[in-house]
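Structure below is final-v3.txt: compact mmCIF, C-alpha atoms.
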```txt
# COMPACT_ATOMS: atom_id res chain seq x y z
CA MET A 1 -60.00 -58.49 20.92
CA LYS A 2 -59.01 -55.74 23.34
CA THR A 3 -55.96 -53.51 22.79
CA ILE A 4 -53.56 -51.88 25.23
CA ILE A 5 -51.60 -48.94 23.82
CA LEU A 6 -48.51 -47.97 25.81
CA ALA A 7 -48.26 -44.19 25.62
CA GLY A 8 -46.01 -43.12 28.48
CA GLY A 9 -42.27 -42.66 28.44
CA SER A 10 -40.08 -39.60 27.94
CA GLY A 11 -38.58 -38.09 24.82
CA THR A 12 -34.78 -37.94 24.74
CA ARG A 13 -33.56 -39.76 21.65
CA LEU A 14 -35.11 -37.31 19.14
CA PHE A 15 -34.43 -34.06 21.03
CA PRO A 16 -35.28 -31.28 20.22
CA LEU A 17 -38.27 -32.72 18.31
CA SER A 18 -39.23 -34.71 21.41
CA ARG A 19 -39.14 -33.59 25.04
CA GLU A 20 -39.74 -35.34 28.36
CA ASN A 21 -43.35 -34.14 28.36
CA PHE A 22 -43.74 -34.42 24.60
CA PRO A 23 -42.25 -37.77 23.52
CA LYS A 24 -42.00 -38.87 19.92
CA GLN A 25 -45.37 -40.67 19.79
CA PHE A 26 -47.13 -37.29 19.84
CA ILE A 27 -45.03 -35.68 17.09
CA LYS A 28 -46.85 -35.27 13.79
CA PHE A 29 -44.25 -36.25 11.22
CA GLU A 30 -47.16 -36.43 8.76
CA ASP A 31 -50.85 -35.51 9.11
CA GLU A 32 -51.19 -37.72 12.19
CA SER A 33 -48.88 -38.58 15.06
CA LEU A 34 -47.44 -42.04 15.70
CA PHE A 35 -49.88 -42.34 18.61
CA GLN A 36 -52.85 -41.55 16.38
CA LYS A 37 -51.64 -44.03 13.78
CA THR A 38 -51.35 -46.68 16.52
CA VAL A 39 -54.96 -46.01 17.52
CA ARG A 40 -55.95 -46.48 13.87
CA ARG A 41 -54.21 -49.86 13.87
CA ALA A 42 -55.92 -50.84 17.11
CA LEU A 43 -59.29 -50.16 15.47
CA LEU A 44 -58.59 -52.99 13.03
CA PHE A 45 -59.36 -55.44 15.84
CA SER A 46 -60.98 -53.47 18.65
CA LYS A 47 -63.92 -51.10 19.08
CA PRO A 48 -63.04 -47.66 20.53
CA ASN A 49 -64.21 -48.64 24.02
CA GLU A 50 -62.07 -51.80 23.80
CA ILE A 51 -58.88 -49.73 23.40
CA TYR A 52 -57.06 -48.94 26.65
CA VAL A 53 -54.37 -46.25 26.53
CA VAL A 54 -51.90 -46.47 29.44
CA THR A 55 -50.17 -43.15 30.01
CA ASN A 56 -49.00 -40.86 32.82
CA LYS A 57 -50.40 -37.72 34.45
CA LYS A 58 -48.18 -35.35 32.48
CA GLN A 59 -49.23 -36.78 29.11
CA GLU A 60 -52.87 -37.57 29.87
CA PHE A 61 -54.01 -34.31 28.32
CA MET A 62 -52.06 -34.87 25.10
CA VAL A 63 -53.63 -38.32 24.84
CA LYS A 64 -57.10 -36.82 25.25
CA GLU A 65 -56.38 -34.06 22.75
CA GLN A 66 -55.02 -36.40 20.09
CA LEU A 67 -57.86 -38.90 20.58
CA SER A 68 -60.40 -36.10 20.13
CA GLU A 69 -58.66 -35.00 16.91
CA ILE A 70 -59.38 -38.40 15.35
CA ASN A 71 -62.78 -38.69 17.07
CA VAL A 72 -61.98 -41.86 19.04
CA GLN A 73 -63.24 -42.29 22.61
CA ALA A 74 -60.81 -44.84 24.01
CA GLU A 75 -60.36 -45.71 27.67
CA ILE A 76 -57.46 -43.90 29.37
CA LEU A 77 -55.58 -45.42 32.30
CA VAL A 78 -53.20 -43.11 34.17
CA GLU A 79 -50.14 -44.58 35.88
CA PRO A 80 -49.13 -42.90 39.15
CA ALA A 81 -45.45 -43.50 38.30
CA ALA A 82 -43.35 -44.80 35.42
CA LYS A 83 -42.29 -48.39 36.16
CA ASN A 84 -41.50 -49.67 32.64
CA THR A 85 -43.75 -51.84 30.49
CA LEU A 86 -44.68 -54.86 32.64
CA PRO A 87 -46.58 -52.92 35.35
CA ALA A 88 -48.26 -50.88 32.60
CA VAL A 89 -49.41 -54.01 30.77
CA TYR A 90 -50.51 -55.72 34.00
CA PHE A 91 -52.47 -52.58 34.96
CA GLY A 92 -54.23 -52.62 31.58
CA ILE A 93 -54.99 -56.35 31.59
CA LYS A 94 -56.24 -56.24 35.18
CA GLU A 95 -58.62 -53.42 34.24
CA ILE A 96 -59.82 -55.30 31.14
CA VAL A 97 -60.52 -58.48 33.12
CA GLU A 98 -62.42 -56.54 35.79
CA ARG A 99 -64.59 -54.84 33.16
CA SER A 100 -64.97 -57.56 30.52
CA GLY A 101 -63.74 -60.87 31.91
CA SER A 102 -61.10 -63.07 30.30
CA SER A 103 -60.00 -61.52 27.00
CA LYS A 104 -57.53 -61.64 24.15
CA VAL A 105 -55.35 -58.54 24.43
CA ALA A 106 -53.02 -56.97 21.87
CA VAL A 107 -50.23 -54.79 23.32
CA LEU A 108 -48.92 -52.02 21.08
CA PRO A 109 -46.20 -49.42 21.71
CA SER A 110 -47.45 -46.04 20.54
CA ASP A 111 -44.12 -44.76 19.19
CA HIS A 112 -43.40 -47.24 16.39
CA VAL A 113 -43.86 -46.93 12.65
CA VAL A 114 -45.80 -49.96 11.38
CA GLU A 115 -47.40 -50.64 8.03
CA ALA A 116 -50.73 -52.29 8.85
CA GLY A 117 -51.49 -54.18 5.63
CA GLU A 118 -52.64 -57.75 4.98
CA ASN A 119 -49.49 -59.28 6.51
CA TYR A 120 -50.08 -57.34 9.72
CA ILE A 121 -53.71 -58.43 10.02
CA SER A 122 -52.86 -62.04 9.19
CA ALA A 123 -50.07 -62.12 11.82
CA PHE A 124 -52.40 -60.86 14.55
CA ARG A 125 -55.07 -63.40 13.65
CA SER A 126 -52.43 -66.16 13.81
CA ALA A 127 -51.22 -64.89 17.17
CA GLU A 128 -54.80 -64.87 18.45
CA LYS A 129 -55.04 -68.60 17.72
CA LEU A 130 -51.74 -69.31 19.49
CA SER A 131 -52.54 -67.23 22.58
CA ASP A 132 -54.65 -69.95 24.25
CA LYS A 133 -51.35 -71.72 24.95
CA TYR A 134 -48.58 -69.16 24.46
CA LEU A 135 -47.58 -65.61 25.28
CA VAL A 136 -47.07 -64.33 21.77
CA SER A 137 -44.50 -61.84 20.50
CA PHE A 138 -44.21 -60.54 16.95
CA GLY A 139 -40.88 -60.95 15.16
CA ILE A 140 -40.11 -58.62 12.28
CA LYS A 141 -38.29 -60.26 9.40
CA PRO A 142 -35.03 -58.27 9.16
CA THR A 143 -34.26 -56.36 6.00
CA ARG A 144 -30.60 -55.91 6.99
CA PRO A 145 -28.27 -56.29 9.99
CA HIS A 146 -29.28 -53.62 12.51
CA THR A 147 -27.44 -52.88 15.75
CA GLY A 148 -30.24 -50.75 17.20
CA TYR A 149 -32.78 -53.55 17.70
CA GLY A 150 -33.09 -56.54 19.98
CA TYR A 151 -33.43 -59.97 18.32
CA ILE A 152 -35.49 -63.12 18.87
CA LYS A 153 -34.08 -66.57 18.08
CA PRO A 154 -36.87 -68.90 16.92
CA GLY A 155 -36.88 -72.45 18.23
CA LYS A 156 -39.29 -75.32 17.61
CA LYS A 157 -41.69 -74.77 14.69
CA ILE A 158 -45.35 -74.69 15.73
CA GLU A 159 -48.52 -73.86 13.88
CA HIS A 160 -48.54 -70.16 12.94
CA GLY A 161 -45.06 -69.51 14.36
CA TYR A 162 -42.22 -70.74 16.55
CA GLU A 163 -41.50 -71.29 20.19
CA ILE A 164 -38.93 -68.73 21.32
CA GLU A 165 -35.49 -70.16 22.05
CA LYS A 166 -34.00 -66.93 23.38
CA PHE A 167 -34.04 -63.13 23.31
CA VAL A 168 -30.87 -61.23 22.41
CA GLU A 169 -30.00 -57.64 23.35
CA LYS A 170 -28.86 -55.09 20.77
CA PRO A 171 -25.79 -56.66 19.10
CA ASP A 172 -22.67 -55.29 17.48
CA GLU A 173 -22.39 -55.26 13.68
CA GLU A 174 -20.77 -58.71 13.40
CA ASN A 175 -23.37 -60.45 15.56
CA ALA A 176 -26.23 -58.59 13.90
CA ARG A 177 -25.07 -59.95 10.54
CA ARG A 178 -24.85 -63.46 11.99
CA TYR A 179 -28.33 -63.23 13.53
CA VAL A 180 -29.86 -62.21 10.21
CA ASN A 181 -28.09 -65.07 8.42
CA GLU A 182 -29.30 -67.57 11.05
CA GLY A 183 -32.95 -66.52 10.74
CA TYR A 184 -33.41 -64.44 13.88
CA PHE A 185 -36.20 -61.85 14.01
CA TRP A 186 -36.15 -58.26 15.15
CA ASN A 187 -38.00 -57.91 18.45
CA SER A 188 -40.94 -55.63 17.66
CA GLY A 189 -42.11 -54.97 21.22
CA MET A 190 -45.67 -55.91 20.18
CA PHE A 191 -47.49 -58.76 21.92
CA LEU A 192 -50.75 -60.66 21.99
CA PHE A 193 -51.83 -62.27 25.26
CA ASP A 194 -54.73 -64.25 26.56
CA SER A 195 -55.39 -62.51 29.88
CA ARG A 196 -55.69 -65.85 31.70
CA VAL A 197 -52.32 -67.13 30.43
CA PHE A 198 -50.64 -63.79 31.10
CA ILE A 199 -51.83 -63.59 34.71
CA GLU A 200 -50.89 -67.26 35.33
CA GLU A 201 -47.34 -66.64 34.07
CA CYS A 202 -47.03 -63.44 36.08
CA ALA A 203 -48.08 -65.31 39.23
CA LYS A 204 -45.44 -67.93 38.46
CA HIS A 205 -42.50 -65.70 37.51
CA VAL A 206 -43.18 -62.26 39.02
CA PRO A 207 -45.53 -62.85 41.98
CA GLU A 208 -44.52 -59.46 43.41
CA ILE A 209 -46.36 -57.80 40.50
CA VAL A 210 -49.54 -59.78 41.16
CA GLU A 211 -49.39 -59.14 44.91
CA ALA A 212 -48.80 -55.42 44.47
CA PHE A 213 -51.87 -55.04 42.25
CA GLU A 214 -54.15 -56.68 44.81
CA GLY A 215 -54.47 -53.23 46.40
CA ASP A 216 -55.32 -49.85 44.90
CA ILE A 217 -53.32 -48.46 41.98
CA GLU A 218 -51.41 -45.85 44.01
CA SER A 219 -50.12 -48.43 46.48
CA ALA A 220 -49.47 -50.93 43.67
CA TYR A 221 -47.13 -48.52 41.88
CA ALA A 222 -45.41 -47.68 45.14
CA LYS A 223 -44.53 -51.37 45.54
CA VAL A 224 -43.82 -52.73 42.06
CA PRO A 225 -40.25 -52.72 40.69
CA GLU A 226 -39.38 -51.26 37.32
CA MET A 227 -39.54 -54.16 34.89
CA SER A 228 -40.02 -54.70 31.16
CA VAL A 229 -42.33 -57.34 29.69
CA ASP A 230 -39.35 -59.06 28.06
CA LYS A 231 -37.21 -59.23 31.21
CA GLY A 232 -40.06 -59.90 33.62
CA ILE A 233 -42.03 -62.54 31.72
CA MET A 234 -41.01 -63.38 28.16
CA GLU A 235 -37.41 -64.38 28.98
CA LYS A 236 -38.54 -66.53 31.93
CA THR A 237 -41.61 -68.34 30.70
CA ASP A 238 -41.54 -71.62 28.79
CA ARG A 239 -44.74 -70.55 27.02
CA ALA A 240 -43.27 -67.85 24.76
CA ALA A 241 -43.91 -67.93 21.02
CA VAL A 242 -43.11 -65.65 18.11
CA VAL A 243 -45.23 -65.02 15.03
CA PRO A 244 -43.24 -63.77 12.00
CA LEU A 245 -44.34 -60.41 10.64
CA SER A 246 -43.11 -59.19 7.28
CA THR A 247 -43.94 -55.49 7.07
CA LEU A 248 -42.44 -52.02 7.24
CA TRP A 249 -41.52 -51.46 10.90
CA SER A 250 -39.26 -49.15 12.88
CA ASP A 251 -39.09 -48.21 16.55
CA LEU A 252 -37.91 -44.78 15.38
CA GLY A 253 -35.29 -44.83 18.09
CA SER A 254 -32.81 -42.52 16.42
CA PHE A 255 -32.44 -39.81 13.79
CA ASP A 256 -30.89 -42.44 11.50
CA SER A 257 -34.09 -44.48 11.75
CA LEU A 258 -36.06 -41.37 10.84
CA TYR A 259 -33.73 -40.69 7.90
CA GLU A 260 -34.21 -44.23 6.62
CA LEU A 261 -37.99 -43.88 6.59
CA MET A 262 -38.29 -40.45 4.99
CA ASN A 263 -38.43 -39.80 1.26
CA LYS A 264 -35.18 -38.50 -0.22
CA ASP A 265 -34.41 -35.98 -2.95
CA GLU A 266 -32.06 -36.77 -5.84
CA TYR A 267 -29.06 -36.05 -3.59
CA GLY A 268 -30.18 -38.28 -0.74
CA ASN A 269 -31.44 -35.45 1.47
CA ALA A 270 -34.43 -36.27 3.68
CA VAL A 271 -36.23 -32.97 4.21
CA LYS A 272 -39.26 -31.80 6.16
CA GLY A 273 -39.61 -28.07 5.66
CA ASP A 274 -38.00 -25.48 3.36
CA PHE A 275 -34.49 -26.38 2.17
CA VAL A 276 -32.05 -25.03 -0.41
CA GLY A 277 -28.79 -26.92 -0.85
CA ILE A 278 -25.64 -26.57 -2.94
CA LYS A 279 -23.34 -29.60 -3.09
CA SER A 280 -25.14 -30.99 -0.04
CA ALA A 281 -26.11 -34.65 0.17
CA ASN A 282 -27.40 -37.39 2.48
CA ASN A 283 -28.61 -34.99 5.15
CA LEU A 284 -31.62 -35.16 7.47
CA ILE A 285 -33.16 -31.69 7.71
CA ILE A 286 -36.29 -30.84 9.72
CA SER A 287 -37.14 -27.19 10.19
CA ASP A 288 -39.97 -24.67 10.45
CA THR A 289 -37.80 -22.04 8.73
CA LEU A 290 -35.63 -21.99 5.61
CA VAL A 291 -32.42 -24.04 5.89
CA ALA A 292 -29.70 -23.17 3.36
CA ALA A 293 -26.68 -25.49 3.20
CA ILE A 294 -23.51 -25.38 1.14
CA GLY A 295 -21.12 -28.35 0.99
CA VAL A 296 -22.86 -30.14 3.85
CA GLU A 297 -23.01 -33.95 3.82
CA ASP A 298 -24.25 -36.69 6.17
CA MET A 299 -25.55 -34.25 8.77
CA VAL A 300 -28.62 -33.94 10.98
CA ILE A 301 -30.04 -30.42 11.17
CA VAL A 302 -33.17 -30.11 13.31
CA GLU A 303 -34.69 -26.74 14.16
CA THR A 304 -37.64 -26.08 16.46
CA LYS A 305 -38.91 -22.76 17.82
CA ASP A 306 -36.60 -22.89 20.83
CA ALA A 307 -33.66 -25.15 19.89
CA ILE A 308 -31.40 -26.25 17.01
CA LEU A 309 -29.52 -29.55 16.77
CA ILE A 310 -26.57 -29.90 14.37
CA THR A 311 -24.60 -33.15 14.34
CA PRO A 312 -23.05 -35.64 11.92
CA ARG A 313 -25.51 -38.46 11.35
CA SER A 314 -22.90 -40.87 12.68
CA SER A 315 -23.01 -39.09 16.07
CA ALA A 316 -26.76 -38.55 16.31
CA GLN A 317 -27.14 -41.28 18.95
CA LYS A 318 -25.24 -39.02 21.35
CA VAL A 319 -28.15 -36.57 21.51
CA LYS A 320 -29.00 -38.21 24.86
CA GLU A 321 -25.75 -36.74 26.19
CA ILE A 322 -26.96 -33.27 25.19
CA VAL A 323 -30.18 -33.91 27.10
CA SER A 324 -28.15 -34.97 30.15
CA LYS A 325 -26.13 -31.75 30.03
CA LEU A 326 -29.30 -29.67 29.78
CA LYS A 327 -30.74 -31.54 32.77
CA GLU A 328 -27.65 -30.67 34.78
CA ARG A 329 -28.37 -27.02 33.96
CA ARG A 330 -32.03 -27.56 34.96
CA ASP A 331 -33.01 -26.30 31.53
CA LYS A 332 -36.79 -26.45 31.08
CA ARG A 333 -36.37 -27.05 27.35
CA VAL A 334 -35.62 -30.69 28.19
CA GLU A 335 -39.14 -30.99 29.55
CA TYR A 336 -41.29 -28.75 27.37
CA HIS A 337 -41.72 -27.41 23.88
CA THR A 338 -42.91 -23.83 23.50
CA THR A 339 -46.43 -25.34 23.39
CA VAL A 340 -47.59 -27.04 26.59
CA TYR A 341 -50.81 -29.09 26.84
CA THR A 342 -53.12 -28.67 29.84
CA PRO A 343 -56.53 -29.96 31.03
CA TRP A 344 -58.20 -26.92 29.45
CA GLY A 345 -56.26 -26.83 26.17
CA SER A 346 -52.75 -25.51 25.60
CA TYR A 347 -50.54 -22.45 25.80
CA THR A 348 -47.73 -21.41 23.48
CA LEU A 349 -44.85 -19.13 24.43
CA LEU A 350 -44.52 -16.46 21.73
CA GLU A 351 -41.87 -14.20 23.25
CA GLU A 352 -40.36 -13.32 26.61
CA GLY A 353 -38.00 -10.83 28.18
CA LYS A 354 -36.79 -10.04 31.68
CA PHE A 355 -40.02 -8.34 32.77
CA TYR A 356 -42.60 -9.63 30.26
CA ARG A 357 -43.89 -12.82 28.70
CA ILE A 358 -46.34 -13.21 25.80
CA ARG A 359 -48.32 -16.43 25.38
CA LYS A 360 -51.19 -17.68 23.24
CA LEU A 361 -53.82 -19.52 25.24
CA SER A 362 -56.07 -22.02 23.44
CA LEU A 363 -59.14 -23.17 25.39
CA ARG A 364 -61.27 -26.05 24.14
CA PRO A 365 -65.07 -25.55 24.09
CA GLY A 366 -66.57 -25.71 27.56
CA LYS A 367 -63.18 -25.54 29.31
CA LYS A 368 -62.09 -23.06 31.97
CA ILE A 369 -58.89 -21.80 33.59
CA ARG A 370 -59.81 -21.93 37.25
CA LEU A 371 -60.02 -18.89 39.52
CA GLN A 372 -56.54 -17.72 40.57
CA MET A 373 -54.36 -14.73 41.37
CA HIS A 374 -50.71 -13.65 41.10
CA TYR A 375 -48.71 -11.54 43.55
CA HIS A 376 -45.93 -10.43 41.24
CA ARG A 377 -47.43 -9.99 37.78
CA SER A 378 -50.34 -8.39 35.98
CA GLU A 379 -51.94 -9.82 32.86
CA HIS A 380 -53.54 -8.34 29.77
CA TRP A 381 -55.91 -10.63 27.82
CA ILE A 382 -56.76 -9.97 24.17
CA ILE A 383 -59.37 -12.18 22.50
CA VAL A 384 -58.29 -13.13 18.97
CA ARG A 385 -60.75 -15.96 18.25
CA GLY A 386 -64.07 -16.96 19.80
CA ALA A 387 -65.75 -15.49 22.85
CA ALA A 388 -64.61 -15.57 26.48
CA LYS A 389 -66.47 -15.49 29.76
CA VAL A 390 -64.10 -13.57 32.04
CA ARG A 391 -64.02 -12.87 35.75
CA VAL A 392 -61.81 -10.10 37.12
CA GLY A 393 -62.26 -9.44 40.83
CA ASP A 394 -66.02 -9.48 41.48
CA ASP A 395 -66.91 -8.51 37.92
CA GLU A 396 -67.98 -11.12 35.35
CA PHE A 397 -68.43 -10.23 31.67
CA LEU A 398 -68.20 -11.49 28.08
CA LEU A 399 -65.36 -10.56 25.73
CA LYS A 400 -65.59 -11.04 21.98
CA ASN A 401 -63.04 -11.20 19.19
CA GLY A 402 -60.88 -8.06 19.26
CA GLU A 403 -61.80 -7.04 22.81
CA SER A 404 -59.48 -7.10 25.82
CA THR A 405 -59.23 -6.69 29.59
CA PHE A 406 -56.54 -5.99 32.18
CA VAL A 407 -55.92 -8.05 35.32
CA PRO A 408 -53.87 -6.21 37.98
CA ALA A 409 -51.51 -8.14 40.26
CA GLY A 410 -53.26 -9.44 43.36
CA VAL A 411 -56.70 -9.60 41.73
CA LYS A 412 -58.49 -12.94 41.36
CA HIS A 413 -59.40 -13.87 37.80
CA SER A 414 -60.53 -16.70 35.54
CA ILE A 415 -61.39 -17.23 31.89
CA GLU A 416 -63.78 -19.71 30.30
CA ASN A 417 -64.76 -20.78 26.79
CA PRO A 418 -68.57 -20.95 26.85
CA GLY A 419 -68.86 -21.49 23.11
CA ILE A 420 -68.69 -24.44 20.74
CA LEU A 421 -65.58 -23.19 18.90
CA PRO A 422 -61.99 -22.96 20.21
CA LEU A 423 -61.10 -19.80 22.13
CA GLU A 424 -57.73 -18.15 21.45
CA VAL A 425 -56.34 -15.47 23.73
CA ILE A 426 -53.12 -13.48 23.63
CA GLU A 427 -51.88 -13.12 27.21
CA VAL A 428 -49.29 -10.47 28.05
CA GLN A 429 -47.72 -10.96 31.48
CA ILE A 430 -45.83 -8.04 33.04
CA GLY A 431 -43.92 -8.11 36.31
CA GLU A 432 -40.59 -8.41 38.08
CA TYR A 433 -41.18 -12.14 38.63
CA LEU A 434 -42.91 -14.33 36.02
CA GLY A 435 -42.35 -17.82 37.43
CA ASP A 436 -45.09 -20.41 37.05
CA ASP A 437 -45.06 -20.90 40.82
CA ASP A 438 -46.57 -17.42 41.30
CA VAL A 439 -50.08 -18.86 41.01
CA VAL A 440 -52.51 -19.00 43.91
CA PHE A 441 -55.65 -21.01 43.13
CA ILE A 442 -58.82 -19.85 44.83
```

So, in terms of structure tokens, how does the structure I just supplied come out?
Amino acid sequence: MKTIILAGGSGTRLFPLSRENFPKQFIKFEDESLFQKTVRRALLFSKPNEIYVVTNKKQEFMVKEQLSEINVQAEILVEPAAKNTLPAVYFGIKEIVERSGSSKVAVLPSDHVVEAGENYISAFRSAEKLSDKYLVSFGIKPTRPHTGYGYIKPGKKIEHGYEIEKFVEKPDEENARRYVNEGYFWNSGMFLFDSRVFIEECAKHVPEIVEAFEGDIESAYAKVPEMSVDKGIMEKTDRAAVVPLSTLWSDLGSFDSLYELMNKDEYGNAVKGDFVGIKSANNLIISDTLVAAIGVEDMVIVETKDAILITPRSSAQKVKEIVSKLKERRDKRVEYHTTVYTPWGSYTLLEEGKFYRIRKLSLRPGKKIRLQMHYHRSEHWIIVRGAAKVRVGDDEFLLKNGESTFVPAGVKHSIENPGILPLEVIEVQIGEYLGDDDVVFI
């Protein structure tokens, strides 16, 4: 079995934990991120080179970094533009067929919490048997009425599952209760397709997708409409089936979902970080620093290095409105954390003022920041870990731990990690203009 992992998208619903260029699948709520846990689940059925991660240019480097952390060499497919899930899945299946021929393909979102026990494995094996005839979705058996999920109404009983009678969008509380009582499933967003059946149904119901992908990928994405798998195929085909899956699952689409999943203290507080509370209960608190609360109940308090969110849990869904307001201000904090991932590693903003900026650069072994210059700023590099091969002007030399060099404005420069260990550099930028667009590559 091959696996497609969908790892694009933008992070708005869990701001400030997630950002547009650091969506929730890359957040490490525990030792590993949701993306890394999804890769682990994919390995239950697929070899590393049978796993295809579909992502975008901005997140490609995070995908590579997180794959290397768990020592998995999966295939990475980069979308030229975000066009929702159907083009992403078609891109992945087309690539699989070209490389391996007709295949069974599991499709997994990378930002869900899923317990991959015996029920999970059994459901996927059942879906594999059904996929010769059906496009298979996985329906989570509801534990309660939930207004944040879509639902699937099962129809005719078939071996291993049901034909799908209809899909239902996120309901209100009354309808959610009725759906649970009538045996509907939560729509998990996970699928299992036979590539032949999938392409046949696409040709029948969304021929524009098939036609667009007859050319190169750039032109394909210029032509295809934005379309989800559910809207484009599953709601149109008469070959849709659902396999019941009874396991812990959440799309982690809100802070309430996160609160539900986290362990609680004796007062119902879900805490990640250092917290001291007096008469405070039922709060979600995530922070890198000490949070002290007195008489606080049913609140979300999330602190990152550059932003703090405080809201009643009942209003946490409105965090998207905060993101919209920040976008109107063209605030870069919507897009980036203080740590930004790059092809050569990452950099972390430590402090900045009007005429200076201090960053920590982390270069992976064998990686290099290409030759460049700046008109408006000088830079001072201090090596704090590893060894660096540095070029300043026409001079090239080696700097070791504790050594430093100065790069005047207007002078070409580059830095490389020639070693086998990570290289860490403190970079002090000084100048009247420190914008990232003051970079001239040579």

Extract, using only C-alpha atoms, all DNA, RNA and protein residues at most 7 Å from A:Phe167, discarding same-chain residues fewer than 5 positions from it, and format them as a PyMOL selection string. chain A and resi 151-153+235

Find the residue from A:Leu258, A:Ala74, A:Val428, A:Leu130 that sits nearest to A:Lys24; use all atoms listed in the file when measuring. A:Leu258

Would you kindly return, as a PyMOL selection string, each protein, DNA or RNA residue with an atom no farther than 7 Å from any atom of A:Gly92, considering only C-alpha atoms and excluding same-chain residues fewer than 3 positions away? chain A and resi 4+52+54+88-89+95-96

As a VMD selection string, please: the residues near A:Asp394 (cut-off 10 Å, all atoms listed in the file, same-chain neighbours under 6 positions excluded). chain A and resid 411 to 413

List the spatial neighbours of stretch 290-299 of chain A as a PyMOL selection string - criterion: any atom at most 12 Å away, only C-alpha atoms, same-chain residues fewer than 2 positions off excluded. chain A and resi 255-256+259+267-288+301-304+308-316

Please check which residues have atoms at most 10 Å from (-50.4, -71.4, 14.5) in the file's coordinates, counting all atoms listed in the file, and write them as a list in words. Ala123, Arg125, Ser126, Ala127, Glu128, Lys129, Leu130, Ser131, Lys157, Ile158, Glu159, His160, Gly161, Tyr162, Ala241, Val242 and Val243 of chain A

With all atoms listed in the file counted and 12 Å as the cut-off, give the residues of stretch 254-361 of chain A in contact with stretch 374-381 of chain A, each with its shortest interatomic distance in Å and the pair that gives it, as JSON lines.
```
{"residue": "A:Phe355", "atom": "CA", "partner": "A:Arg377", "partner_atom": "CA", "distance": 9.1}
{"residue": "A:Tyr356", "atom": "CA", "partner": "A:Arg377", "partner_atom": "CA", "distance": 8.9}
{"residue": "A:Arg357", "atom": "CA", "partner": "A:Glu379", "partner_atom": "CA", "distance": 9.5}
{"residue": "A:Ile358", "atom": "CA", "partner": "A:His380", "partner_atom": "CA", "distance": 9.6}
{"residue": "A:Arg359", "atom": "CA", "partner": "A:Trp381", "partner_atom": "CA", "distance": 9.9}
{"residue": "A:Lys360", "atom": "CA", "partner": "A:Trp381", "partner_atom": "CA", "distance": 9.6}
{"residue": "A:Leu361", "atom": "CA", "partner": "A:Trp381", "partner_atom": "CA", "distance": 9.5}
```

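Atom CA of A:Val340 is found 19.9 Å from atom CA of A:Leu421.
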
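One finds atom CA of A:Ser188 at 7.7 Å from atom CA of A:Asp251.
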
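Of the listed residues (A:Ala42, A:Ile93, A:Ile426, A:Val323), A:Ala42 comes nearest to A:Val72; the distances count all atoms listed in the file.
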